Every structure is written in structure tokens, then in C-alpha cells.
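Have a look at the structure below, then the notes.
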Amino acid sequence: MDQFFFYMFSAVILVMALLCVTAKNAVHSAIFLIGTLLGVAGLYLHLGAEFLAGVQVILYVGGIMVLFLFVIMLVNIDQTLKEAIFSGQWKLGLIGVALLGVELVWFVAKGTGLPEKPETHAAAPAAAQLGNVQQVGDVLFQSYLLPFEIASILLLVAMVGAVVMAKKRI
């Protein structure tokens with residue numbers, strides 16, 4: 001059953017990512033990107049990382065994609081539709097895809113399979129009693145409190161700046 005869910009979420013991610021890249025409408029492309037990000041959240045859930053899945057949905061799907069949609073709505077779409085879609089860079093894109101394909105084949109050929117489970121230590125049962133979210137919260141608010149607060153201030157300043165810039169255009 002694990003393989004079924006892995007392949008199902010992987011197929012959703014691949015299909016949505018291809019639709020996102022090939023969509024001609026920018027809003028449709030953003031919607032397909034939301035589907036891709038939700039598929040990644042499903043993979044996180046499948047791996048037992050509930051906190052990461054929640055952050056993926058709340059932060060990326062909820063926050064970042066709303067900002068993307070606002071930017072898409074503010075950009076003059078009529079002008080962008082008149083421009084050439086790939087502007088002659090498709091050859092460079094094909095070269096990049098070929099290089100990534102060769103790299104993927106090389107890594108799969110060099111792979112040795114799945115790693116074995118590591119030995120459990122004496123401290124592991126105590127950590128296992130805590131929940132996944134509680135472990136992340138303990139580390140975040142004890143060891144990384146200052147960088148967390150600095151990042152939140154930077155995001156607040158960026159959001160206020162974006163609102164001020166958008167208000168001048170309106």
C-alpha cells in the first residue's frame with residue numbers, strides 16, 4: 001500500500017508540474033502549481049512528516065500562491081500574451097532537460113537501493129514519546145529563536161513593501 005500512495009502522489013506531482021509549465025494562461029498555471037504543492041504535501045504526510053505537510057499547505061499553498069495570484073492579476077497580461085512565449089530559448093531548455101536526464105540515469109545506475117534503518121540509541125525512545133511537531137517546536141524556539149524572529153521581521157517588511165508598491169500603482 002505504501003508504494004501505491006507514493007506512486008499516486010508522484011504521478012499527481014508530475015502531471016500537475018507538466019500542466020503548470022505548459023499552460024498558456026497564467027492563472028491556470030498557478031492553479032496547477034497549487035496542485036503540485038498539494039501533491040508534495042501528500043508525500044510529506046506519507047513519510048510521516050505531518051508538520052512539514054501542514055507548513056507546505058499553509059505557507060506555500062495558502063500564502064505564497066495567493067501572492068502569486070495577486071501578482072498575476074496586477075501584471076498586464078495583454079502585453080505578455082503578445083510577446084513570444086519562449087523567445088528562442090527552447091534550445092537551451094532542451095539541453096538542460098537532456099543534462100538532467102543524463103544525471104538522473106547516472107544516479108539511478110550508481111544507486112544501491114534503499115538505506116537500512118539506523119540503530120536506535122538510548123535517547124531515541126524519549127524523543128519518540130514527543131510528537132513530531134513538538135520536537136520541531138522545541139528546536140525552533142530554543143536553538144533558533146533569533147533567526148526565526150529575524151525571518152519573520154523580514155517577511156513583514158517585504159509584505160508591507162509589496163502593499164505600498166501595489167497601492168502606488170492603483
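Every chain in the C-alpha cells takes a letter, A first, then B, and so on in the order presented; its residues are numbered from 1, and the ligands are numbered from 1 following the presented order.
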
Please list as a list in words every residue within 12 Å of Ser29 of chain A, counting only C-alpha atoms and excluding residues in the same chain fewer than 3 positions away.
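The contact residues come out as Met16, Ala17, Leu18, Leu19, Cys20, Val21, Thr22, Ala23, Lys24, Asn25, Ala26, Phe32, Leu33, Ile34, Gly35, Thr36, Met65, Phe68, Leu69 and Ile72 of chain A.
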
Convert the current residue selection to file output with N, CA and C atoms, as a tab-separated table (two decimals), in the first residue's frame.
```
chain	number	residue	atom	x	y	z
A	16	MET	N	0.74	17.54	-12.65
A	16	MET	CA	0.46	18.94	-12.34
A	16	MET	C	1.64	19.85	-12.71
A	17	ALA	N	2.86	19.38	-12.50
A	17	ALA	CA	4.03	20.20	-12.86
A	17	ALA	C	4.11	20.38	-14.37
A	18	LEU	N	3.85	19.33	-15.13
A	18	LEU	CA	3.85	19.46	-16.59
A	18	LEU	C	2.75	20.40	-17.07
A	19	LEU	N	1.56	20.28	-16.47
A	19	LEU	CA	0.48	21.20	-16.83
A	19	LEU	C	0.81	22.63	-16.44
A	20	CYS	N	1.49	22.80	-15.31
A	20	CYS	CA	1.87	24.14	-14.86
A	20	CYS	C	2.83	24.79	-15.85
A	21	VAL	N	3.77	24.04	-16.35
A	21	VAL	CA	4.77	24.59	-17.26
A	21	VAL	C	4.18	24.84	-18.64
A	22	THR	N	3.26	24.00	-19.07
A	22	THR	CA	2.76	24.10	-20.43
A	22	THR	C	1.47	24.92	-20.56
A	23	ALA	N	0.89	25.35	-19.45
A	23	ALA	CA	-0.36	26.12	-19.52
A	23	ALA	C	-0.10	27.49	-20.16
A	24	LYS	N	-1.00	27.90	-21.01
A	24	LYS	CA	-0.86	29.19	-21.68
A	24	LYS	C	-1.42	30.33	-20.82
A	25	ASN	N	-2.38	30.03	-19.98
A	25	ASN	CA	-2.98	31.03	-19.10
A	25	ASN	C	-2.21	31.05	-17.78
A	26	ALA	N	-1.83	32.23	-17.32
A	26	ALA	CA	-1.02	32.35	-16.10
A	26	ALA	C	-1.80	31.92	-14.86
A	32	PHE	N	-2.35	24.96	-11.31
A	32	PHE	CA	-1.63	23.69	-11.44
A	32	PHE	C	-0.45	23.63	-10.47
A	33	LEU	N	0.18	24.76	-10.22
A	33	LEU	CA	1.26	24.80	-9.23
A	33	LEU	C	0.72	24.50	-7.84
A	34	ILE	N	-0.47	24.96	-7.54
A	34	ILE	CA	-1.10	24.62	-6.26
A	34	ILE	C	-1.31	23.10	-6.16
A	35	GLY	N	-1.75	22.49	-7.25
A	35	GLY	CA	-1.90	21.03	-7.26
A	35	GLY	C	-0.59	20.31	-7.04
A	36	THR	N	0.48	20.85	-7.64
A	36	THR	CA	1.81	20.26	-7.44
A	36	THR	C	2.23	20.35	-5.98
A	65	MET	N	1.00	31.19	-2.88
A	65	MET	CA	0.20	31.13	-4.10
A	65	MET	C	-0.80	32.27	-4.17
A	68	PHE	N	1.23	35.01	-5.50
A	68	PHE	CA	1.44	34.80	-6.94
A	68	PHE	C	0.21	35.24	-7.72
A	69	LEU	N	-0.96	34.85	-7.25
A	69	LEU	CA	-2.19	35.20	-7.97
A	69	LEU	C	-2.40	36.71	-7.97
A	72	ILE	N	-0.05	38.07	-10.57
A	72	ILE	CA	-0.55	37.76	-11.91
A	72	ILE	C	-1.67	38.72	-12.28
```

Ranking A:Ile13, A:Val136, A:Leu94, A:Val105 by minimum distance to Glu50 of chain A and counting only C-alpha atoms, which one comes first?
A:Val136

Leaving out Gly63 of chain A and any residue of its chain fewer than 5 positions from it, which residues lie within 12 Å of it when counting only C-alpha atoms, given as a PyMOL selection string?
chain A and resi 34+37+55-58+68-70+155+159

Expected file contents, prior selection, C-alpha atoms, as a short mmCIF file (atom, residue, chain, number, x, y, z; two decimals), in the first residue's frame:
```cif
data_model
loop_
_atom_site.label_atom_id
_atom_site.label_comp_id
_atom_site.auth_asym_id
_atom_site.auth_seq_id
_atom_site.Cartn_x
_atom_site.Cartn_y
_atom_site.Cartn_z
CA ILE A 34 -1.10 24.62 -6.26
CA LEU A 37 2.41 21.70 -3.98
CA VAL A 55 3.61 24.00 6.64
CA GLN A 56 3.54 23.11 2.94
CA VAL A 57 -0.21 23.62 2.76
CA ILE A 58 -0.42 26.71 4.97
CA PHE A 68 1.44 34.80 -6.94
CA LEU A 69 -2.19 35.20 -7.97
CA PHE A 70 -2.18 38.85 -6.84
CA LEU A 155 8.77 38.80 5.75
CA MET A 159 4.78 42.32 2.76
#
```

Give me the residues within 9 Å of Phe5 of chain A as a PDB file with C-alpha atoms, in the first residue's frame, counting only C-alpha atoms and dropping any in the same chain fewer than 3 places off.
```pdb
ATOM      1  CA  MET A   1       0.000   0.000   0.000  1.00  0.00           C
ATOM      2  CA  ASP A   2       2.938   2.332   0.680  1.00  0.00           C
ATOM      3  CA  MET A   8      -0.029   8.078  -6.813  1.00  0.00           C
ATOM      4  CA  PHE A   9       1.364  11.271  -5.241  1.00  0.00           C
ATOM      5  CA  SER A  10       4.348  11.175  -7.592  1.00  0.00           C
ATOM      6  CA  GLY A  42       0.734  14.388   0.402  1.00  0.00           C
ATOM      7  CA  LEU A  43       4.209  12.878   0.065  1.00  0.00           C
ATOM      8  CA  HIS A  46       3.049   9.633   3.548  1.00  0.00           C
TER       9      HIS A  46
END
```

Work out how far apart atom CA of Phe6 of chain A and atom CA of Leu47 of chain A are and give it in Å to one decimal.
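Rounded to one decimal, the two atoms are 9.2 Å apart.
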
One-decimal distance in Å that lies between atom CA of Leu67 of chain A and atom CA of Leu154 of chain A:
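Between atom CA of Leu154 of chain A and atom CA of Leu67 of chain A the gap works out to 16.0 Å.
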
Proximity to Leu59 of chain A - best of A:Leu38, A:Ile150, A:Leu74, A:Ala98, only C-alpha atoms
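So, comparing all the options, the nearest one is A:Leu38.
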